[in-house]
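Here is the structure we will look at.
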Amino acid sequence: MERQQVVLHMNHGMGDNSYAHNSIIQKRVMREAKGIVEESMMRLYTIIPIHCFKVADLGCSSGPNALQLVSNVIDIVNTTTSNLNLKPPVFQFFLNDLFGNDFNSIFKSLPQFSEIIEEKKGHKCGACFINATPGTFYKSLFPNNFLHFVHSSFSLHWLSQAPKELGNEENVHLTSTTPPAMHEAYLEQFRKDFKLFLKLRSQELVAKGGMVLTLIGMDKSQKTHDIRTAWSLIGTILNDMVLENLIEAIKLECFDLPLYDPTIEEAKEVIEDEGSFTLQRLESVTLDWSTNIKEVVDDDNNNKLDLNTKAEFTTKFIRAALEPLLKAKFGEEIMDELFVRYKNKIVQLIMGVKILEFPTLIISLIKKV
Ligand SMILES: C[S@@+](CC[C@H](N)C(=O)[O-])C[C@H]1O[C@@H](n2cnc3c(N)ncnc32)[C@H](O)[C@@H]1O
C-alpha cells in the first residue's frame, strides 16, 4: 500500500490546530457550490425514479464539514420531492476518506446530528443510513452502476503522489525557480490522477448520475499571490532549517507536496479527454486567504482585522491540512517552530502585498448514458 494513503489526513480531534477548528474556508467553498449541487440533484430527481438515493462524499475529512453534504442533500431532496408531490426517498450516504482519517469523531457526532435532522424534518424525511467507506478515491470504491450522486469538495487537488522527477531539492512545491520539467511532471501527475478518478466514478455512477467537484485552482493571469505561495513558503522555511542544522538536508531533498492546482483549461482538457461525462458547469470562484475569518474571530473593530490575526488564521488553515504529512517526514519536534516561522512569513507577505487570493474550481458533470 502506498505510504501516502496511510500518512495523509487532516489534523485530528478538536484541538486548536485541528481540521475541525480550522476548516472555515472549506465550509465557504461548500456554500459556494450548494446552488450547483441543488441544480444537479433536481435534474437527477426529475429524470430517474429513486427509491433509495445513494450519495458518496469523497474526501469528507472530519469536523463540522464532514456531515454538511448529508444535511444539504436531505434539505434539497425533501424540498424537491415536496414540490413535485413525491414520496421522499430513503437516503444512503457513503463518507469516504483515506485510512488515517478521523472517522471516529464523525461517528461520535452522529447521534446529535440525527436528532437535529429529525427535529428539522419531522416525519417528512425518509430513513437515512450513513456509512463510512475508507480508501483512496484513486481506486474503485463501489460496485458498478451503484451511486446516483458523487460529491467531492476541496480534495481533488491532492494527488495520489508527488511526481518523482528530480531537480526540486530545495523546494517542496513549484516556484518561479523550479525547472520546467518539474512543472510538467506535476501537471502530468494531475492529468493521470484526475483521468483515473473520472473513469472510476463513471463506472460506479448509474447512467445520467450527477457529480459535483470543487478543488483549488490556478489563474495564470492573476497578479495576486495564489495558493502555491502558501505551499512553497513551507519549502523556504524547511530550507532555512536545513541551513541551521535543525533538519537533515536529505529529508528535504526527497520531499515534495502531492498537491496540484489546475487551471480551468487543464481540468477541462482531462474531462474531455476521458470522455465519460458531459460537462454541465465549470466555474471559478476567487476566495481571499482569510475568507470567513469573521466566523471565528470577534470583530469588534468593524472589519479592521489586524495583521497578526489574519496571519494566524492562514497559518492554522495550512497547518491543519499539511501537518500530518510534514510530521511524518521531518518529525513532530520541529512542527511548532516551523509554524511560528510560517506565521512570520505570512505577516511579511500580507504587509508586502495587499491581496492574497486563490481560485476554487466548481465542476458539475453528468455521466453519459
Ligand atoms: C481539505 S480536506 C476537505 C474535507 C472536506 N471535504 C471539506 O470540504 O472540509 C481534503 C480531504 O481529502 C482527503 N483525501 C486526499 N486524498 C485522498 C484520496 N486519494 N482518497 C480519499 N481521500 C483523500 C484528505 O485526507 C482530506 O481529508
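Following the order of the C-alpha cells, chains are lettered A, B, ..., residues in each are numbered from 1, and ligands are numbered from 1.
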* Close residues, Glu39 of chain A itself excluded, 12 Å, only C-alpha atoms, min 3 positions apart in chain, as an NGL selection string -> :A and (33-36 or 42-46 or 73 or 76-77 or 80 or 210-212 or 280-281 or 364-366)
Please write the residues from the selection above to a file, keeping N, CA, C and O atoms, as a tab-separated table (two decimals), in the first residue's frame.
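Result written to out.tsv:
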chain	number	residue	atom	x	y	z
A	33	ALA	N	-20.82	26.18	-3.59
A	33	ALA	CA	-21.22	25.16	-4.56
A	33	ALA	C	-22.64	24.65	-4.32
A	33	ALA	O	-23.16	23.87	-5.12
A	34	LYS	N	-23.28	25.09	-3.23
A	34	LYS	CA	-24.57	24.50	-2.85
A	34	LYS	C	-25.63	24.65	-3.95
A	34	LYS	O	-26.37	23.71	-4.25
A	35	GLY	N	-25.66	25.82	-4.61
A	35	GLY	CA	-26.64	26.05	-5.68
A	35	GLY	C	-26.43	25.07	-6.83
A	35	GLY	O	-27.38	24.58	-7.43
A	36	ILE	N	-25.17	24.75	-7.11
A	36	ILE	CA	-24.86	23.85	-8.22
A	36	ILE	C	-25.20	22.40	-7.83
A	36	ILE	O	-25.69	21.62	-8.65
A	42	MET	N	-31.77	18.29	-8.58
A	42	MET	CA	-33.13	18.47	-9.09
A	42	MET	C	-33.26	17.86	-10.48
A	42	MET	O	-34.25	17.20	-10.79
A	43	ARG	N	-32.22	18.02	-11.29
A	43	ARG	CA	-32.21	17.41	-12.63
A	43	ARG	C	-32.31	15.89	-12.50
A	43	ARG	O	-33.15	15.24	-13.11
A	44	LEU	N	-31.47	15.35	-11.60
A	44	LEU	CA	-31.42	13.91	-11.41
A	44	LEU	C	-32.77	13.37	-10.96
A	44	LEU	O	-33.27	12.36	-11.46
A	45	TYR	N	-33.34	14.11	-10.01
A	45	TYR	CA	-34.57	13.63	-9.40
A	45	TYR	C	-35.75	13.62	-10.35
A	45	TYR	O	-36.67	12.82	-10.22
A	46	THR	N	-35.67	14.54	-11.32
A	46	THR	CA	-36.80	14.58	-12.25
A	46	THR	C	-36.64	13.58	-13.40
A	46	THR	O	-37.59	13.33	-14.14
A	73	VAL	N	-28.01	17.68	1.23
A	73	VAL	CA	-28.74	16.79	0.30
A	73	VAL	C	-30.15	16.51	0.84
A	73	VAL	O	-31.13	16.54	0.09
A	76	ILE	N	-32.25	19.55	0.17
A	76	ILE	CA	-32.57	19.75	-1.25
A	76	ILE	C	-33.60	18.71	-1.73
A	76	ILE	O	-34.60	19.05	-2.37
A	77	VAL	N	-33.35	17.45	-1.38
A	77	VAL	CA	-34.24	16.39	-1.89
A	77	VAL	C	-35.63	16.51	-1.27
A	77	VAL	O	-36.65	16.35	-1.95
A	80	THR	N	-37.40	19.27	-3.04
A	80	THR	CA	-37.75	18.87	-4.41
A	80	THR	C	-38.92	17.89	-4.42
A	80	THR	O	-39.88	18.07	-5.19
A	210	GLY	N	-25.14	12.18	-11.32
A	210	GLY	CA	-24.52	13.50	-11.26
A	210	GLY	C	-23.27	13.52	-10.38
A	210	GLY	O	-23.11	12.68	-9.48
A	211	MET	N	-22.40	14.47	-10.66
A	211	MET	CA	-21.19	14.60	-9.83
A	211	MET	C	-20.82	16.08	-9.73
A	211	MET	O	-20.76	16.78	-10.75
A	212	VAL	N	-20.59	16.56	-8.51
A	212	VAL	CA	-20.13	17.94	-8.32
A	212	VAL	C	-18.81	17.91	-7.55
A	212	VAL	O	-18.69	17.29	-6.50
A	280	GLN	N	-21.46	20.02	-17.36
A	280	GLN	CA	-22.59	20.93	-17.17
A	280	GLN	C	-22.12	22.33	-16.82
A	280	GLN	O	-22.64	23.32	-17.27
A	281	ARG	N	-21.14	22.37	-15.89
A	281	ARG	CA	-20.61	23.66	-15.44
A	281	ARG	C	-19.15	23.53	-15.06
A	281	ARG	O	-18.75	22.50	-14.50
A	364	SER	N	-19.49	20.66	-12.45
A	364	SER	CA	-20.69	19.81	-12.38
A	364	SER	C	-20.74	18.93	-13.63
A	364	SER	O	-20.65	19.42	-14.75
A	365	LEU	N	-20.86	17.62	-13.41
A	365	LEU	CA	-20.80	16.66	-14.51
A	365	LEU	C	-21.99	15.71	-14.50
A	365	LEU	O	-22.55	15.43	-13.43
A	366	ILE	N	-22.34	15.21	-15.68
A	366	ILE	CA	-23.39	14.19	-15.79
A	366	ILE	C	-22.80	12.99	-16.52
A	366	ILE	O	-22.19	13.15	-17.58
- [ ] Write out as a VMD selection string which residues come within 9 Å of Phe149 of chain A when counting only C-alpha atoms, dropping same-chain ones fewer than 4 positions away.
- [x] chain A and resid 40 to 41 44 53 to 57 205 to 206 209 to 212
What residues of the protein or nucleic acid chains come within 9 Å of ligand 1 when you use only C-alpha atoms and all ligand atoms? Reply as a ChimeraX atom specification.
/A:4-5,7-11,19-20,23-30,57-66,68-69,96-102,134-139,151-161,214,320-321
Exercise. What lies within 7 Å of Thr360 of chain A using only C-alpha atoms, ignoring chain neighbours under 6 positions off, as a PyMOL selection string?
Worked result: chain A and resi 214-217+284-286
As a PyMOL selection string, please: every residue in segment 101-334 of chain A that a backbone DSSP assignment puts in strand (DSSP E).
chain A and resi 128-134+147-153+205-216+277-288
Could the residues in this selection be saved with C-alpha atoms as a compact mmCIF listing (two decimals), in the first residue's frame?
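The resulting file, selection.txt, is shown below:
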# COMPACT_ATOMS: atom_id res chain seq x y z
CA CYS A 128 -31.15 7.95 6.46
CA PHE A 129 -28.31 5.41 6.59
CA ILE A 130 -24.78 6.73 6.95
CA ASN A 131 -21.79 4.52 6.06
CA ALA A 132 -18.04 5.02 6.05
CA THR A 133 -16.01 3.95 3.01
CA PRO A 134 -12.30 4.18 3.82
CA LEU A 147 -24.34 5.62 -6.96
CA HIS A 148 -26.77 8.35 -8.00
CA PHE A 149 -24.64 11.29 -6.96
CA VAL A 150 -20.96 11.87 -6.17
CA HIS A 151 -19.62 14.91 -4.35
CA SER A 152 -16.05 15.83 -3.54
CA SER A 153 -15.15 19.17 -2.03
CA LEU A 205 -22.43 6.01 -11.12
CA VAL A 206 -25.74 4.99 -12.69
CA ALA A 207 -26.41 6.33 -16.22
CA LYS A 208 -27.23 10.07 -16.03
CA GLY A 209 -25.89 10.16 -12.44
CA GLY A 210 -24.52 13.50 -11.26
CA MET A 211 -21.19 14.60 -9.83
CA VAL A 212 -20.13 17.94 -8.32
CA LEU A 213 -16.45 18.56 -7.57
CA THR A 214 -14.60 21.51 -6.07
CA LEU A 215 -10.84 21.88 -5.90
CA ILE A 216 -8.22 24.58 -5.59
CA PHE A 277 -19.07 12.78 -18.62
CA THR A 278 -20.94 15.73 -20.09
CA LEU A 279 -19.67 18.96 -18.61
CA GLN A 280 -22.59 20.93 -17.17
CA ARG A 281 -20.61 23.66 -15.44
CA LEU A 282 -17.01 24.63 -14.85
CA GLU A 283 -16.72 27.81 -12.83
CA SER A 284 -14.12 29.52 -10.74
CA VAL A 285 -14.73 31.49 -7.55
CA THR A 286 -11.98 33.60 -6.07
CA LEU A 287 -11.57 33.44 -2.32
CA ASP A 288 -9.44 35.55 -0.04
Checklist line | Per-residue DSSP, segment 202-273 of chain A, filtered to helix (DSSP H, G or I), as an MDAnalysis selection string | finding: chainID A and resid 202:204 227:243 249:253 264:273
Might you pull out every residue within 8 Å of segment 226-231 of chain A, with only C-alpha atoms counted and same-chain residues fewer than 2 positions away left off, and present them as a PyMOL selection string?
chain A and resi 172-175+218+224+233-235+257+318+356-359
Writer output for current selection, N, CA and C atoms, as a compact mmCIF listing (two decimals), in the first residue's frame:
# COMPACT_ATOMS: atom_id res chain seq x y z
N VAL A 172 9.53 22.47 -1.85
CA VAL A 172 8.58 21.37 -1.66
C VAL A 172 7.42 21.46 -2.65
N HIS A 173 7.45 22.50 -3.47
CA HIS A 173 6.41 22.63 -4.50
C HIS A 173 6.94 23.49 -5.63
N LEU A 174 6.08 23.90 -6.54
CA LEU A 174 6.51 24.65 -7.70
C LEU A 174 6.72 26.13 -7.35
N THR A 175 7.87 26.66 -7.72
CA THR A 175 8.14 28.09 -7.53
C THR A 175 8.66 28.65 -8.86
N MET A 218 -6.09 27.44 -10.33
CA MET A 218 -4.99 28.37 -10.60
C MET A 218 -5.42 29.28 -11.74
N THR A 224 -2.25 38.49 -8.21
CA THR A 224 -2.11 38.36 -6.76
C THR A 224 -1.43 37.03 -6.41
N LEU A 233 6.08 28.43 0.65
CA LEU A 233 6.71 29.05 1.84
C LEU A 233 7.20 27.98 2.81
N ILE A 234 6.50 26.85 2.83
CA ILE A 234 6.91 25.72 3.69
C ILE A 234 8.33 25.29 3.29
N GLY A 235 8.59 25.26 1.97
CA GLY A 235 9.90 24.86 1.47
C GLY A 235 10.98 25.87 1.87
N LEU A 257 5.35 18.26 -1.98
CA LEU A 257 3.94 18.17 -1.59
C LEU A 257 3.11 17.57 -2.74
N ILE A 318 -3.37 26.23 6.92
CA ILE A 318 -2.34 25.42 6.26
C ILE A 318 -1.87 24.30 7.21
N LEU A 356 -4.32 38.58 -1.05
CA LEU A 356 -3.94 37.17 -1.09
C LEU A 356 -5.21 36.39 -1.40
N GLU A 357 -5.27 35.85 -2.59
CA GLU A 357 -6.50 35.16 -3.01
C GLU A 357 -6.14 33.87 -3.74
N PHE A 358 -7.10 32.97 -3.84
CA PHE A 358 -6.89 31.82 -4.71
C PHE A 358 -8.22 31.42 -5.34
N PRO A 359 -8.19 30.91 -6.58
CA PRO A 359 -9.44 30.47 -7.21
C PRO A 359 -9.79 29.05 -6.79
Please compute the atom CA of Ser114 of chain A-atom CA of Gly126 of chain A distance, one decimal, in Å.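 Those two atoms sit 12.2 Å apart.
Atom CA of Thr236 of chain A to atom CA of Asn22 of chain A spans 23.3 Å [interatomic distance, one decimal].
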> What is the distance between atom CA of Glu204 of chain A and atom CA of Asn145 of chain A, in Å to one decimal?
Replying inline: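 Taking atom CA of Glu204 of chain A as the start and atom CA of Asn145 of chain A as the end point, the length is 4.9 Å.
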**Message:** Calculated over only C-alpha atoms, which of the candidates A:Glu169, A:Asp75, A:Glu244, A:Glu32 has the smallest distance to Asp256 of chain A?
**Reply:**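 Distance minimum relative to Asp256 of chain A lands on A:Glu169.
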Return as JSON lines the residues of segment 197-290 of chain A lying at most 9 Å from segment 329-349 of chain A, together with the closest atom-to-atom pair for each and the distance in Å to one decimal, counting only C-alpha atoms, with rows in chain order and ascending residue number.
{"residue": "A:Ala230", "atom": "CA", "partner": "A:Ile346", "partner_atom": "CA", "distance": 8.3}
{"residue": "A:Leu233", "atom": "CA", "partner": "A:Tyr342", "partner_atom": "CA", "distance": 7.2}
{"residue": "A:Ile234", "atom": "CA", "partner": "A:Tyr342", "partner_atom": "CA", "distance": 7.0}
{"residue": "A:Ile237", "atom": "CA", "partner": "A:Leu338", "partner_atom": "CA", "distance": 6.9}
{"residue": "A:Leu238", "atom": "CA", "partner": "A:Leu338", "partner_atom": "CA", "distance": 7.5}
{"residue": "A:Met241", "atom": "CA", "partner": "A:Leu338", "partner_atom": "CA", "distance": 8.4}
{"residue": "A:Leu246", "atom": "CA", "partner": "A:Ile334", "partner_atom": "CA", "distance": 8.0}
{"residue": "A:Ile247", "atom": "CA", "partner": "A:Phe330", "partner_atom": "CA", "distance": 7.0}
{"residue": "A:Glu248", "atom": "CA", "partner": "A:Phe330", "partner_atom": "CA", "distance": 8.4}
{"residue": "A:Lys251", "atom": "CA", "partner": "A:Phe330", "partner_atom": "CA", "distance": 7.0}
{"residue": "A:Leu252", "atom": "CA", "partner": "A:Phe330", "partner_atom": "CA", "distance": 8.3}
{"residue": "A:Phe255", "atom": "CA", "partner": "A:Lys329", "partner_atom": "CA", "distance": 7.9}
Can I get the selected residues back with C-alpha atoms, as a PDB file, in the first residue's frame?
ATOM      1  CA  ALA A 230       1.346  29.325   0.735  1.00  0.00           C
ATOM      2  CA  LEU A 233       6.707  29.050   1.839  1.00  0.00           C
ATOM      3  CA  ILE A 234       6.914  25.721   3.693  1.00  0.00           C
ATOM      4  CA  ILE A 237      11.344  27.610   5.903  1.00  0.00           C
ATOM      5  CA  LEU A 238      12.471  23.971   5.722  1.00  0.00           C
ATOM      6  CA  MET A 241      16.074  24.931   8.983  1.00  0.00           C
ATOM      7  CA  LEU A 246      17.663  21.637  12.551  1.00  0.00           C
ATOM      8  CA  ILE A 247      16.702  19.057   9.927  1.00  0.00           C
ATOM      9  CA  GLU A 248      18.669  16.809   7.578  1.00  0.00           C
ATOM     10  CA  LYS A 251      14.881  14.667   4.033  1.00  0.00           C
ATOM     11  CA  LEU A 252      14.094  17.915   2.242  1.00  0.00           C
ATOM     12  CA  PHE A 255      10.125  15.590  -0.246  1.00  0.00           C
TER      13      PHE A 255
END
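Take the candidates A:Val242, A:Cys254, A:Ile271, A:Leu322 and check each one against Phe194 of chain A using only C-alpha atoms; the shortest distance goes to A:Ile271.
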Gln203 of chain A: which residues within 10 Å, counting only C-alpha atoms, same-chain residues fewer than 5 positions away excluded, as a list in words?
Ser140, Phe142, Pro143, Asn144, Asn145, Phe146, Leu147, Leu198, Ser276 and Lys367 of chain A
From the list A:Leu196, A:Ile362, A:Ala311, A:Met14, the nearest residue to Ile106 of chain A using only C-alpha atoms is A:Met14
